Amino acid sequence: DTEVTQTPKHLVMGMTNKKSLKCEQHMGHRAMYWYKQKAKKPPELMFVYSYEKLSINESVPSRFSPECPNSSLLNLHLHALQPEDSALYLCASSQRMWGTGELFFGEGSRLTVL
Amino acid sequence: RKEVEQDPGPFNVPEGATVAFNCTYSNSASQSFFWYRQDCRKEPKLLMSVYSSGNEDGRFTAQLNRASQYISLLIRDSKLSDSATYLCVVNSGRALTFGSGTRLQVQP
């Protein structure tokens with residue numbers, strides 16, 4: 001079982017909806033990441049939080065809005081998404097940003113935008 | 001040139017076979033190297049780190065060649081359960097870069 005928990009596991013939303021993806025870890029890790037993964041492609045970095053501050057935004061469209069309420073939680077707020085945003089959204093954590101290179105991934109939230 | 005390149009495969013091998021994957025990276029300042037495994041519709045999981053002197057974990061052997069900027073993964077005595085996508089990951093200290101993955105299908 002993964003130590004990074006993501007909810008929901010599956011989400012279907014319309015282009016006008018507002019929804020959020022949630023991620024939680026209790027390993028004391030101080031870096032948390034959002035990745036987007038399309039079928040048969042590698043994970044693509046979206047955001048990195050280090051010590052609850054946004055450190056990296058990989059030029060992600062503003063319809064994706066990350067939030068890190070505390071060191072254990074990471075949210076991704078979704079608004080006015082497009083069908084091409086349908087993908088697996090993976091949350092990951094590590095002891096510190098990039099750290100040793102070991103990222104602990106959650107099982108992902110599979111998003112479908114209609 | 002991509003920062004991390006892998007042969008996408010698929011590699012179709014019979015059970016018990018030995019199979020090897022290579023991965024090349026372009027940033028000579030890269031600091032650490034890893035192989036992750038990703039099963040179909042699951043999250044990536046760390047398989048093993050790759051050390052300069054080479055390292056082994058059971059049936060898996062990883063090697064690093066800094067001069068030629070490539071890393072390799074050797075799987076001996078393949079099992080059906082080894083079927084997955086193997087992602088090469090390179091840590092530059094400022095980012096982790098994933099290769100596009102090599103798909104392995106072990107057949108009975």
# chains A, B, ... in the order shown; residues from 1 in each chain; ligands from 1
$ select_by_dssp --residues "region 1-111 of chain A" --states "strand (DSSP E)" --output "mmCIF file with C-alpha atoms, in the first residue's frame"
data_model
loop_
_atom_site.group_PDB
_atom_site.id
_atom_site.type_symbol
_atom_site.label_atom_id
_atom_site.label_comp_id
_atom_site.auth_asym_id
_atom_site.auth_seq_id
_atom_site.Cartn_x
_atom_site.Cartn_y
_atom_site.Cartn_z
ATOM 1 C CA VAL A 4 0.708 8.778 -0.231
ATOM 2 C CA THR A 5 -3.060 8.876 -0.398
ATOM 3 C CA GLN A 6 -4.918 10.540 -3.221
ATOM 4 C CA THR A 7 -8.629 11.214 -3.530
ATOM 5 C CA HIS A 10 -11.625 8.640 -10.400
ATOM 6 C CA LEU A 11 -13.244 11.945 -11.356
ATOM 7 C CA VAL A 12 -15.454 12.869 -14.277
ATOM 8 C CA MET A 13 -16.182 16.532 -14.743
ATOM 9 C CA LYS A 18 -14.926 23.208 -10.320
ATOM 10 C CA LYS A 19 -13.388 20.248 -8.521
ATOM 11 C CA SER A 20 -10.348 19.483 -6.399
ATOM 12 C CA LEU A 21 -7.883 16.634 -6.141
ATOM 13 C CA LYS A 22 -6.438 15.897 -2.721
ATOM 14 C CA CYS A 23 -3.207 14.326 -1.605
ATOM 15 C CA GLU A 24 -1.993 13.439 1.880
ATOM 16 C CA GLN A 25 1.222 12.004 3.289
ATOM 17 C CA ALA A 31 8.501 18.302 -0.656
ATOM 18 C CA MET A 32 5.326 17.463 -2.535
ATOM 19 C CA TYR A 33 4.732 17.256 -6.248
ATOM 20 C CA TRP A 34 1.952 17.148 -8.800
ATOM 21 C CA TYR A 35 2.573 15.220 -11.995
ATOM 22 C CA LYS A 36 0.317 14.688 -14.985
ATOM 23 C CA GLN A 37 0.575 11.458 -16.957
ATOM 24 C CA GLU A 44 5.159 15.265 -16.572
ATOM 25 C CA LEU A 45 5.971 17.631 -13.707
ATOM 26 C CA MET A 46 3.399 20.333 -12.974
ATOM 27 C CA PHE A 47 4.199 21.816 -9.549
ATOM 28 C CA VAL A 48 6.601 21.365 -6.668
ATOM 29 C CA TYR A 49 6.065 22.560 -3.112
ATOM 30 C CA SER A 50 8.989 22.718 -0.755
ATOM 31 C CA LYS A 53 5.906 27.065 -0.538
ATOM 32 C CA LEU A 54 5.468 26.785 -4.275
ATOM 33 C CA SER A 55 8.952 26.283 -5.682
ATOM 34 C CA ILE A 56 8.285 25.199 -9.228
ATOM 35 C CA ASN A 57 5.423 25.860 -11.617
ATOM 36 C CA PHE A 64 -4.942 24.274 -12.512
ATOM 37 C CA SER A 65 -4.379 25.875 -9.114
ATOM 38 C CA PRO A 66 -2.258 24.122 -6.495
ATOM 39 C CA GLU A 67 -2.531 24.662 -2.769
ATOM 40 C CA CYS A 68 -0.484 23.343 0.134
ATOM 41 C CA PRO A 69 -2.469 23.990 3.354
ATOM 42 C CA ASN A 70 0.144 22.271 5.540
ATOM 43 C CA LEU A 73 -1.613 18.051 2.439
ATOM 44 C CA LEU A 74 -1.534 19.068 -1.188
ATOM 45 C CA ASN A 75 -4.536 20.042 -3.263
ATOM 46 C CA LEU A 76 -5.015 20.676 -6.946
ATOM 47 C CA HIS A 77 -8.010 22.866 -7.740
ATOM 48 C CA LEU A 78 -9.502 22.403 -11.181
ATOM 49 C CA HIS A 79 -11.668 24.902 -13.034
ATOM 50 C CA ALA A 87 -5.114 12.216 -17.643
ATOM 51 C CA LEU A 88 -3.814 10.484 -14.540
ATOM 52 C CA TYR A 89 -2.785 13.066 -11.948
ATOM 53 C CA LEU A 90 -0.101 11.772 -9.635
ATOM 54 C CA CYS A 91 0.916 13.263 -6.331
ATOM 55 C CA ALA A 92 4.349 12.441 -4.958
ATOM 56 C CA SER A 93 6.440 13.353 -1.949
ATOM 57 C CA SER A 94 10.067 13.204 -0.895
ATOM 58 C CA PHE A 104 6.831 8.221 -3.224
ATOM 59 C CA PHE A 105 3.845 8.339 -5.531
ATOM 60 C CA SER A 109 -6.517 10.404 -9.608
ATOM 61 C CA ARG A 110 -7.808 9.482 -13.040
ATOM 62 C CA LEU A 111 -9.539 12.533 -14.466
#
$ closest_atom_pairs --of "chain A" --to "chain B" --cutoff "6 Å" --atoms "only C-alpha atoms" --output "Markdown table"
| residue | atom | partner | partner_atom | distance |
| --- | --- | --- | --- | --- |
| A:Lys41 | CA | B:Ser100 | CA | 5.8 |
| A:Pro42 | CA | B:Ser100 | CA | 4.9 |
| A:Glu107 | CA | B:Glu43 | CA | 5.1 |
$ atom_distance --atom1 "CA of Tyr70 (chain B)" --atom2 "CA of Gly58 (chain B)"
21.7 Å
$ residues_around --residues "Ile75 (chain B)" --least-positions-apart "2" --cutoff "7 Å" --atoms "only C-alpha atoms" --output "list in words"
Thr18, Val19, Ala20, Arg59, Phe60, Thr61, Leu73, Asp77 and Ser78 of chain B
$ residues_around --residues "Lys2 (chain B)" --least-positions-apart "4" --cutoff "10 Å" --atoms "only C-alpha atoms" --output "ChimeraX atom specification"
/B:6,24-27,99-100
$ write_last_selection --atoms "N, CA, C and O atoms" --output "PDB file, in the first residue's frame"
ATOM      1  N   GLN B   6      15.132   6.486 -23.838  1.00  0.00           N
ATOM      2  CA  GLN B   6      15.015   5.042 -23.683  1.00  0.00           C
ATOM      3  C   GLN B   6      14.371   4.463 -24.924  1.00  0.00           C
ATOM      4  O   GLN B   6      13.551   5.118 -25.567  1.00  0.00           O
ATOM      5  N   THR B  24      20.062   6.588 -22.028  1.00  0.00           N
ATOM      6  CA  THR B  24      21.122   7.589 -22.150  1.00  0.00           C
ATOM      7  C   THR B  24      20.616   8.925 -21.624  1.00  0.00           C
ATOM      8  O   THR B  24      19.418   9.222 -21.694  1.00  0.00           O
ATOM      9  N   TYR B  25      21.541   9.711 -21.080  1.00  0.00           N
ATOM     10  CA  TYR B  25      21.178  11.027 -20.559  1.00  0.00           C
ATOM     11  C   TYR B  25      22.140  12.062 -21.115  1.00  0.00           C
ATOM     12  O   TYR B  25      23.294  11.764 -21.431  1.00  0.00           O
ATOM     13  N   SER B  26      21.648  13.299 -21.226  1.00  0.00           N
ATOM     14  CA  SER B  26      22.446  14.318 -21.907  1.00  0.00           C
ATOM     15  C   SER B  26      23.176  15.254 -20.957  1.00  0.00           C
ATOM     16  O   SER B  26      24.175  15.873 -21.346  1.00  0.00           O
ATOM     17  N   ASN B  27      22.705  15.369 -19.712  1.00  0.00           N
ATOM     18  CA  ASN B  27      23.311  16.312 -18.778  1.00  0.00           C
ATOM     19  C   ASN B  27      24.463  15.648 -18.028  1.00  0.00           C
ATOM     20  O   ASN B  27      24.258  14.820 -17.142  1.00  0.00           O
ATOM     21  N   GLY B  99      12.665   9.291 -18.216  1.00  0.00           N
ATOM     22  CA  GLY B  99      12.640   8.809 -19.579  1.00  0.00           C
ATOM     23  C   GLY B  99      11.225   8.384 -19.927  1.00  0.00           C
ATOM     24  O   GLY B  99      10.356   8.293 -19.048  1.00  0.00           O
ATOM     25  N   SER B 100      11.008   8.110 -21.195  1.00  0.00           N
ATOM     26  CA  SER B 100       9.659   7.774 -21.640  1.00  0.00           C
ATOM     27  C   SER B 100       9.280   6.334 -21.312  1.00  0.00           C
ATOM     28  O   SER B 100       8.131   5.954 -21.471  1.00  0.00           O
TER      29      SER B 100
END
$ atom_distance --atom1 "CA of Arg37 (chain B)" --atom2 "CA of Phe21 (chain B)"
12.5 Å
$ atom_distance --atom1 "CA of Val113 (chain A)" --atom2 "CA of Glu84 (chain A)"
7.6 Å
$ closest_residue --among "A:Pro83, A:Pro8, A:Gly99, A:Gly14" --to "His29 (chain A)" --atoms "only C-alpha atoms"
A:Gly99
$ closest_residue --among "A:Ser59, A:Arg30, A:Asn17, A:Thr112" --to "Asp85 (chain A)" --atoms "only C-alpha atoms"
A:Thr112
$ residues_around --residues "Ser52 (chain B)" --least-positions-apart "2" --cutoff "10 Å" --atoms "only C-alpha atoms" --output "MDAnalysis selection string"
chainID B and resid 32:33 50 54:55 62:66 71
$ decode --residues "region 11-27 of chain A" --atoms "all heavy atoms" --output "mmCIF file, in the first residue's frame"
data_model
loop_
_atom_site.group_PDB
_atom_site.id
_atom_site.type_symbol
_atom_site.label_atom_id
_atom_site.label_comp_id
_atom_site.auth_asym_id
_atom_site.auth_seq_id
_atom_site.Cartn_x
_atom_site.Cartn_y
_atom_site.Cartn_z
ATOM 1 N N LEU A 11 -12.442 10.724 -11.332
ATOM 2 C CA LEU A 11 -13.244 11.945 -11.356
ATOM 3 C C LEU A 11 -13.648 12.226 -12.792
ATOM 4 O O LEU A 11 -12.798 12.219 -13.688
ATOM 5 C CB LEU A 11 -12.439 13.118 -10.788
ATOM 6 C CG LEU A 11 -13.108 14.480 -10.783
ATOM 7 C CD1 LEU A 11 -14.344 14.463 -9.879
ATOM 8 C CD2 LEU A 11 -12.131 15.553 -10.307
ATOM 9 N N VAL A 12 -14.940 12.447 -12.982
ATOM 10 C CA VAL A 12 -15.454 12.869 -14.277
ATOM 11 C C VAL A 12 -16.059 14.251 -14.082
ATOM 12 O O VAL A 12 -16.852 14.451 -13.168
ATOM 13 C CB VAL A 12 -16.527 11.893 -14.812
ATOM 14 C CG1 VAL A 12 -17.063 12.378 -16.162
ATOM 15 C CG2 VAL A 12 -15.962 10.484 -14.936
ATOM 16 N N MET A 13 -15.650 15.182 -14.899
ATOM 17 C CA MET A 13 -16.182 16.532 -14.743
ATOM 18 C C MET A 13 -16.421 17.193 -16.097
ATOM 19 O O MET A 13 -15.770 16.848 -17.096
ATOM 20 C CB MET A 13 -15.250 17.392 -13.886
ATOM 21 C CG MET A 13 -13.848 17.567 -14.416
ATOM 22 S SD MET A 13 -12.761 18.427 -13.256
ATOM 23 C CE MET A 13 -13.430 20.088 -13.279
ATOM 24 N N GLY A 14 -17.357 18.117 -16.086
ATOM 25 C CA GLY A 14 -17.618 18.897 -17.278
ATOM 26 C C GLY A 14 -16.695 20.095 -17.335
ATOM 27 O O GLY A 14 -16.012 20.429 -16.355
ATOM 28 N N MET A 15 -16.679 20.737 -18.472
ATOM 29 C CA MET A 15 -15.737 21.837 -18.674
ATOM 30 C C MET A 15 -16.056 23.059 -17.822
ATOM 31 O O MET A 15 -15.201 23.919 -17.622
ATOM 32 C CB MET A 15 -15.680 22.204 -20.161
ATOM 33 C CG MET A 15 -14.988 21.136 -20.998
ATOM 34 S SD MET A 15 -14.636 21.688 -22.667
ATOM 35 C CE MET A 15 -16.251 21.564 -23.389
ATOM 36 N N THR A 16 -17.286 23.124 -17.301
ATOM 37 C CA THR A 16 -17.625 24.290 -16.480
ATOM 38 C C THR A 16 -17.534 24.003 -14.987
ATOM 39 O O THR A 16 -17.748 24.888 -14.163
ATOM 40 C CB THR A 16 -19.051 24.767 -16.811
ATOM 41 O OG1 THR A 16 -19.951 23.676 -16.578
ATOM 42 C CG2 THR A 16 -19.147 25.215 -18.270
ATOM 43 N N ASN A 17 -17.241 22.765 -14.634
ATOM 44 C CA ASN A 17 -17.204 22.388 -13.220
ATOM 45 C C ASN A 17 -15.968 22.906 -12.509
ATOM 46 O O ASN A 17 -14.935 23.197 -13.127
ATOM 47 C CB ASN A 17 -17.229 20.863 -13.075
ATOM 48 C CG ASN A 17 -18.521 20.231 -13.503
ATOM 49 O OD1 ASN A 17 -18.556 19.052 -13.839
ATOM 50 N ND2 ASN A 17 -19.597 20.985 -13.490
ATOM 51 N N LYS A 18 -16.092 22.972 -11.180
ATOM 52 C CA LYS A 18 -14.926 23.208 -10.320
ATOM 53 C C LYS A 18 -14.804 22.001 -9.405
ATOM 54 O O LYS A 18 -15.762 21.637 -8.733
ATOM 55 C CB LYS A 18 -15.151 24.444 -9.439
ATOM 56 C CG LYS A 18 -14.966 25.764 -10.107
ATOM 57 C CD LYS A 18 -15.050 26.876 -9.068
ATOM 58 C CE LYS A 18 -14.905 28.236 -9.712
ATOM 59 N NZ LYS A 18 -14.967 29.330 -8.721
ATOM 60 N N LYS A 19 -13.634 21.406 -9.375
ATOM 61 C CA LYS A 19 -13.388 20.248 -8.521
ATOM 62 C C LYS A 19 -11.980 20.358 -7.947
ATOM 63 O O LYS A 19 -11.178 21.192 -8.383
ATOM 64 C CB LYS A 19 -13.489 18.947 -9.329
ATOM 65 C CG LYS A 19 -14.859 18.675 -9.919
ATOM 66 C CD LYS A 19 -15.833 18.202 -8.873
ATOM 67 C CE LYS A 19 -17.167 17.841 -9.524
ATOM 68 N NZ LYS A 19 -18.182 17.489 -8.495
ATOM 69 N N SER A 20 -11.695 19.500 -6.980
ATOM 70 C CA SER A 20 -10.348 19.483 -6.399
ATOM 71 C C SER A 20 -9.851 18.055 -6.245
ATOM 72 O O SER A 20 -10.630 17.146 -5.941
ATOM 73 C CB SER A 20 -10.358 20.144 -5.018
ATOM 74 O OG SER A 20 -10.704 21.501 -5.114
ATOM 75 N N LEU A 21 -8.569 17.884 -6.447
ATOM 76 C CA LEU A 21 -7.883 16.634 -6.141
ATOM 77 C C LEU A 21 -7.117 16.840 -4.843
ATOM 78 O O LEU A 21 -6.555 17.912 -4.614
ATOM 79 C CB LEU A 21 -6.910 16.259 -7.261
ATOM 80 C CG LEU A 21 -7.467 16.195 -8.681
ATOM 81 C CD1 LEU A 21 -6.364 15.778 -9.656
ATOM 82 C CD2 LEU A 21 -8.641 15.252 -8.759
ATOM 83 N N LYS A 22 -7.100 15.782 -4.018
ATOM 84 C CA LYS A 22 -6.438 15.897 -2.721
ATOM 85 C C LYS A 22 -5.355 14.844 -2.579
ATOM 86 O O LYS A 22 -5.462 13.729 -3.092
ATOM 87 C CB LYS A 22 -7.463 15.752 -1.594
ATOM 88 C CG LYS A 22 -8.512 16.849 -1.605
ATOM 89 C CD LYS A 22 -9.438 16.749 -0.424
ATOM 90 C CE LYS A 22 -10.546 17.802 -0.510
ATOM 91 N NZ LYS A 22 -10.028 19.179 -0.567
ATOM 92 N N CYS A 23 -4.335 15.204 -1.830
ATOM 93 C CA CYS A 23 -3.207 14.326 -1.605
ATOM 94 C C CYS A 23 -2.742 14.504 -0.165
ATOM 95 O O CYS A 23 -2.687 15.631 0.339
ATOM 96 C CB CYS A 23 -2.079 14.686 -2.568
ATOM 97 S SG CYS A 23 -0.550 13.781 -2.311
ATOM 98 N N GLU A 24 -2.410 13.382 0.480
ATOM 99 C CA GLU A 24 -1.993 13.439 1.880
ATOM 100 C C GLU A 24 -0.846 12.464 2.110
ATOM 101 O O GLU A 24 -0.858 11.341 1.597
ATOM 102 C CB GLU A 24 -3.187 13.068 2.765
ATOM 103 C CG GLU A 24 -2.988 13.311 4.228
ATOM 104 C CD GLU A 24 -4.292 13.205 5.012
ATOM 105 O OE1 GLU A 24 -5.345 12.908 4.411
ATOM 106 O OE2 GLU A 24 -4.259 13.426 6.231
ATOM 107 N N GLN A 25 0.133 12.895 2.872
ATOM 108 C CA GLN A 25 1.222 12.004 3.289
ATOM 109 C C GLN A 25 1.586 12.312 4.730
ATOM 110 O O GLN A 25 1.535 13.466 5.154
ATOM 111 C CB GLN A 25 2.443 12.139 2.369
ATOM 112 C CG GLN A 25 3.060 13.532 2.256
ATOM 113 C CD GLN A 25 4.106 13.853 3.305
ATOM 114 O OE1 GLN A 25 4.610 12.978 4.012
ATOM 115 N NE2 GLN A 25 4.447 15.134 3.425
ATOM 116 N N HIS A 26 1.934 11.252 5.455
ATOM 117 C CA HIS A 26 2.308 11.411 6.868
ATOM 118 C C HIS A 26 3.685 10.828 7.117
ATOM 119 O O HIS A 26 3.931 10.215 8.168
ATOM 120 C CB HIS A 26 1.236 10.758 7.759
ATOM 121 C CG HIS A 26 -0.082 11.452 7.687
ATOM 122 N ND1 HIS A 26 -0.302 12.693 8.244
ATOM 123 C CD2 HIS A 26 -1.248 11.108 7.087
ATOM 124 C CE1 HIS A 26 -1.553 13.070 8.007
ATOM 125 N NE2 HIS A 26 -2.146 12.132 7.306
ATOM 126 N N MET A 27 4.571 11.010 6.147
ATOM 127 C CA MET A 27 5.940 10.513 6.294
ATOM 128 C C MET A 27 6.882 11.621 6.744
ATOM 129 O O MET A 27 8.085 11.398 6.824
ATOM 130 C CB MET A 27 6.411 9.922 4.956
ATOM 131 C CG MET A 27 5.615 8.689 4.545
ATOM 132 S SD MET A 27 6.142 7.998 2.966
ATOM 133 C CE MET A 27 5.348 9.124 1.827
#
